[in-house]
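Okay, structure first, notes after.
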Amino acid sequence: MRHIPSLTQDVYRLLLLALAVGSLVACNSTNEGPPATGAVAPTVAGGAPTASYAGYQDAKLAFTRQSADGIVIATLEDSSWLRFEGPAEQVQANHKAYFEYGYTTFGVTLRARSFTRPTTEQFLLEDSTGARVSSRPVTFKGNLVTVDDRWQYDFDLSFRHTITRDVTWLKLTRISDGEFVEWTFGG
């Protein structure tokens, strides 16, 4: 057997230790995704965006929430991140409910444990002023796929609701199982 000099043996041992620690960290870390609740600074009715972001991904992620069980992932549409999507005319055409009607709108990913028809799903939107409105998706995007052994559906969800200056939080709940996500609004 060939003898490895001690310095090389020490480097080799450190490399093995680093690989072992890295493996343990990777095994113990979870890909939790966005939080279920959190603060953002939305653009309120008639106002300009109050928060500034470095780019599209950072801004969109700030407005994204995931329910505790990962069934509902929702992104609150807001001009503070939509403005990064492209030319203003195209963005407004793509998000008509938000820009033209002032509706509170979400991009939603539903990861259901069993097969469901997304267009029959009911969602409840509540806010700090006591408003409670329900809605369901009219259409959904893409093919039916499974992700992590769950059926995944992507759709937009709009409510006849406007975020005004007096709203301090929003809560979006999937009625069938009570999974929810929530946004709090900083002053």
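Residue numbering restarts at 1 for every chain of the structure tokens, chains are lettered A, B, ... in their displayed order, and ligands are numbered from 1 as they appear.
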
**Q.** Residue contacts of Glu179 (chain A) (8 Å, only C-alpha atoms) excluding same-chain residues fewer than 4 positions away, as number ranges by chain
**A.** A: 67-69, 71-72, 173-175

Output file for the selection above: C-alpha atoms, as a PDB file, in the first residue's frame:
ATOM      1  CA  SER A  67     -49.703  27.559   3.674  1.00  0.00           C
ATOM      2  CA  ALA A  68     -48.331  25.494   6.546  1.00  0.00           C
ATOM      3  CA  ASP A  69     -48.951  22.192   4.732  1.00  0.00           C
ATOM      4  CA  ILE A  71     -51.134  22.994  -0.275  1.00  0.00           C
ATOM      5  CA  VAL A  72     -51.726  26.658  -1.162  1.00  0.00           C
ATOM      6  CA  THR A 173     -58.279  30.536   2.864  1.00  0.00           C
ATOM      7  CA  ARG A 174     -59.040  27.420   0.829  1.00  0.00           C
ATOM      8  CA  ILE A 175     -62.496  26.588   2.149  1.00  0.00           C
TER       9      ILE A 175
END

Q.
If we count only C-alpha atoms and set the cut-off at 8 Å, which residues sit around Leu82 (chain A), ignoring sequence neighbours fewer than 4 positions away in its own chain? Please answer as an MDAnalysis selection string.
A. chainID A and resid 56 60 77:78 91

Grab the residues selected above and save them as a JSON list (two decimals), in the first residue's frame with C-alpha atoms.
[["chain", "number", "residue", "atom", "x", "y", "z"],
["A", 56, "TYR", "CA", -38.74, 40.99, -10.41],
["A", 60, "LYS", "CA", -42.55, 38.79, -6.40],
["A", 77, "GLU", "CA", -50.55, 40.88, -7.29],
["A", 78, "ASP", "CA", -49.13, 44.33, -6.72],
["A", 91, "VAL", "CA", -48.41, 43.97, -18.01]]

Residue contacts of region 115-119 of chain A (12 Å, only C-alpha atoms) excluding same-chain residues fewer than 5 positions away, as a compact mmCIF listing (two decimals) with N, CA and C atoms, in the first residue's frame:
# COMPACT_ATOMS: atom_id res chain seq x y z
N VAL A 108 -52.17 31.70 -7.93
CA VAL A 108 -52.24 30.61 -6.96
C VAL A 108 -51.72 29.31 -7.56
N THR A 109 -50.95 28.59 -6.77
CA THR A 109 -50.58 27.21 -7.07
C THR A 109 -51.23 26.36 -5.98
N LEU A 110 -52.05 25.42 -6.40
CA LEU A 110 -52.73 24.50 -5.47
C LEU A 110 -52.07 23.14 -5.63
N SER A 135 -64.52 33.52 -3.77
CA SER A 135 -64.31 33.43 -5.21
C SER A 135 -63.80 32.04 -5.54
N ARG A 136 -63.82 31.74 -6.80
CA ARG A 136 -63.24 30.49 -7.29
C ARG A 136 -62.56 30.79 -8.61
N PRO A 137 -61.59 29.97 -9.01
CA PRO A 137 -60.94 30.19 -10.29
C PRO A 137 -61.90 29.89 -11.44
N VAL A 138 -61.83 30.68 -12.47
CA VAL A 138 -62.67 30.45 -13.64
C VAL A 138 -61.98 29.46 -14.57
N THR A 139 -60.68 29.57 -14.70
CA THR A 139 -59.89 28.65 -15.51
C THR A 139 -58.61 28.33 -14.75
N PHE A 140 -57.89 27.31 -15.23
CA PHE A 140 -56.58 27.03 -14.67
C PHE A 140 -55.60 26.80 -15.80
N LYS A 141 -54.31 26.94 -15.50
CA LYS A 141 -53.27 26.90 -16.51
C LYS A 141 -52.61 25.53 -16.57
N GLY A 142 -52.18 25.16 -17.76
CA GLY A 142 -51.30 24.02 -17.92
C GLY A 142 -51.96 22.67 -17.85
N LEU A 144 -52.38 18.77 -16.23
CA LEU A 144 -52.45 18.19 -14.90
C LEU A 144 -51.15 17.43 -14.64
N VAL A 145 -50.46 17.82 -13.59
CA VAL A 145 -49.19 17.19 -13.24
C VAL A 145 -49.19 16.89 -11.75
N THR A 146 -48.30 15.99 -11.36
CA THR A 146 -48.09 15.75 -9.94
C THR A 146 -46.69 16.24 -9.57
N ASP A 149 -45.87 14.01 -5.18
CA ASP A 149 -47.04 13.16 -4.96
C ASP A 149 -48.32 13.94 -4.69
N ARG A 150 -48.40 15.16 -5.19
CA ARG A 150 -49.62 15.98 -5.09
C ARG A 150 -49.99 16.48 -6.47
N TRP A 151 -51.29 16.61 -6.73
CA TRP A 151 -51.76 17.21 -7.97
C TRP A 151 -51.51 18.70 -7.90
N GLN A 152 -50.91 19.25 -8.94
CA GLN A 152 -50.62 20.68 -8.94
C GLN A 152 -51.44 21.41 -10.00
N TYR A 153 -52.05 22.50 -9.58
CA TYR A 153 -52.86 23.34 -10.46
C TYR A 153 -52.41 24.79 -10.27
N ASP A 154 -52.32 25.52 -11.37
CA ASP A 154 -51.95 26.94 -11.32
C ASP A 154 -53.11 27.74 -11.90
N PHE A 155 -53.50 28.80 -11.20
CA PHE A 155 -54.60 29.63 -11.67
C PHE A 155 -54.53 31.01 -11.03
N ASP A 156 -55.29 31.94 -11.61
CA ASP A 156 -55.44 33.27 -11.03
C ASP A 156 -56.77 33.32 -10.30
N LEU A 157 -56.79 34.08 -9.23
CA LEU A 157 -57.97 34.18 -8.39
C LEU A 157 -58.20 35.65 -8.09
N ARG A 174 -58.38 28.44 1.65
CA ARG A 174 -59.04 27.42 0.83
C ARG A 174 -60.14 26.82 1.70
N SER A 176 -62.21 24.23 1.48
CA SER A 176 -62.37 22.79 1.67
C SER A 176 -61.51 22.20 2.79

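Going from CA of Gly38 (chain A) to CA of Arg83 (chain A) covers 21.5 Å.
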
Q.
Set the distance at 7 Å and use only C-alpha atoms: which residues neighbour Ala39 (chain A) once local chain neighbours fewer than 4 positions away are removed? I'd like the list as a list in words.
A. Trp183, Thr184, Phe185 and Gly186 of chain A

Q.
My list of candidates is A:Asp127, A:Asp58, A:Asp148, A:Glu100. Which is closest to Trp169 (chain A) when distances are computed with only C-alpha atoms?
A. A:Asp127

Q. Would you give me, as a VMD selection string, the residues in region 50-186 of chain A that DSSP reads as alpha helix (DSSP H)?
A. chain A and resid 56 to 62 79 to 82 88 to 94 96 to 101

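Nearest to Ser158 (chain A) of all the residues A:Ala112, A:Ala59, A:Leu76, A:Ala131 is A:Leu76, based on only C-alpha atoms.
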
Q) What residues in region 19-176 of chain A get the DSSP label strand (DSSP E)? Please answer as a VMD selection string. A) chain A and resid 39 to 40 64 to 66 72 to 76 104 to 112 123 to 127 132 to 135 141 to 147 150 to 159 169 to 174

Export of the given selection (C-alpha atoms) as a compact mmCIF listing (two decimals), in the first residue's frame:
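Okay, this is what ended up in result08.txt:
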# COMPACT_ATOMS: atom_id res chain seq x y z
CA ALA A 39 -45.40 41.82 6.11
CA VAL A 40 -45.36 43.66 2.79
CA THR A 64 -45.67 35.18 -2.04
CA ARG A 65 -46.98 33.03 0.81
CA GLN A 66 -47.27 29.25 1.31
CA VAL A 72 -51.73 26.66 -1.16
CA ILE A 73 -49.02 28.93 -2.56
CA ALA A 74 -50.30 32.40 -3.44
CA THR A 75 -48.74 35.58 -4.75
CA LEU A 76 -50.60 38.81 -4.11
CA THR A 104 -57.50 41.95 -5.17
CA THR A 105 -55.91 39.26 -7.32
CA PHE A 106 -53.61 36.32 -6.62
CA GLY A 107 -51.54 33.94 -8.68
CA VAL A 108 -52.24 30.61 -6.96
CA THR A 109 -50.58 27.21 -7.07
CA LEU A 110 -52.73 24.50 -5.47
CA ARG A 111 -50.98 21.23 -4.56
CA ALA A 112 -53.86 18.95 -3.60
CA PHE A 123 -61.55 30.50 -1.56
CA LEU A 124 -62.38 33.06 1.11
CA LEU A 125 -60.66 36.45 1.32
CA GLU A 126 -60.86 38.30 4.62
CA ASP A 127 -59.29 41.58 5.65
CA ARG A 132 -65.27 38.69 3.64
CA VAL A 133 -65.66 37.72 0.00
CA SER A 134 -65.43 34.37 -1.73
CA SER A 135 -64.31 33.43 -5.21
CA LYS A 141 -53.27 26.90 -16.51
CA GLY A 142 -51.30 24.02 -17.92
CA ASN A 143 -51.53 20.28 -17.88
CA LEU A 144 -52.45 18.19 -14.90
CA VAL A 145 -49.19 17.19 -13.24
CA THR A 146 -48.09 15.75 -9.94
CA VAL A 147 -45.35 17.35 -7.86
CA ARG A 150 -49.62 15.98 -5.09
CA TRP A 151 -51.76 17.21 -7.97
CA GLN A 152 -50.62 20.68 -8.94
CA TYR A 153 -52.86 23.34 -10.46
CA ASP A 154 -51.95 26.94 -11.32
CA PHE A 155 -54.60 29.63 -11.67
CA ASP A 156 -55.44 33.27 -11.03
CA LEU A 157 -57.97 34.18 -8.39
CA SER A 158 -59.67 37.61 -8.27
CA PHE A 159 -61.97 39.06 -5.65
CA TRP A 169 -53.91 42.48 6.75
CA LEU A 170 -55.38 40.01 4.24
CA LYS A 171 -56.07 36.32 4.72
CA LEU A 172 -56.75 33.89 1.85
CA THR A 173 -58.28 30.54 2.86
CA ARG A 174 -59.04 27.42 0.83

Q. Between CA of His161 (chain A) and CA of Gln122 (chain A), what is the spacing in Å?
A. 15.8 Å

Q: Give me, please, the distance in Å between CA of Gly102 (chain A) and CA of Thr168 (chain A), quoted to one decimal.
A: 17.3 Å
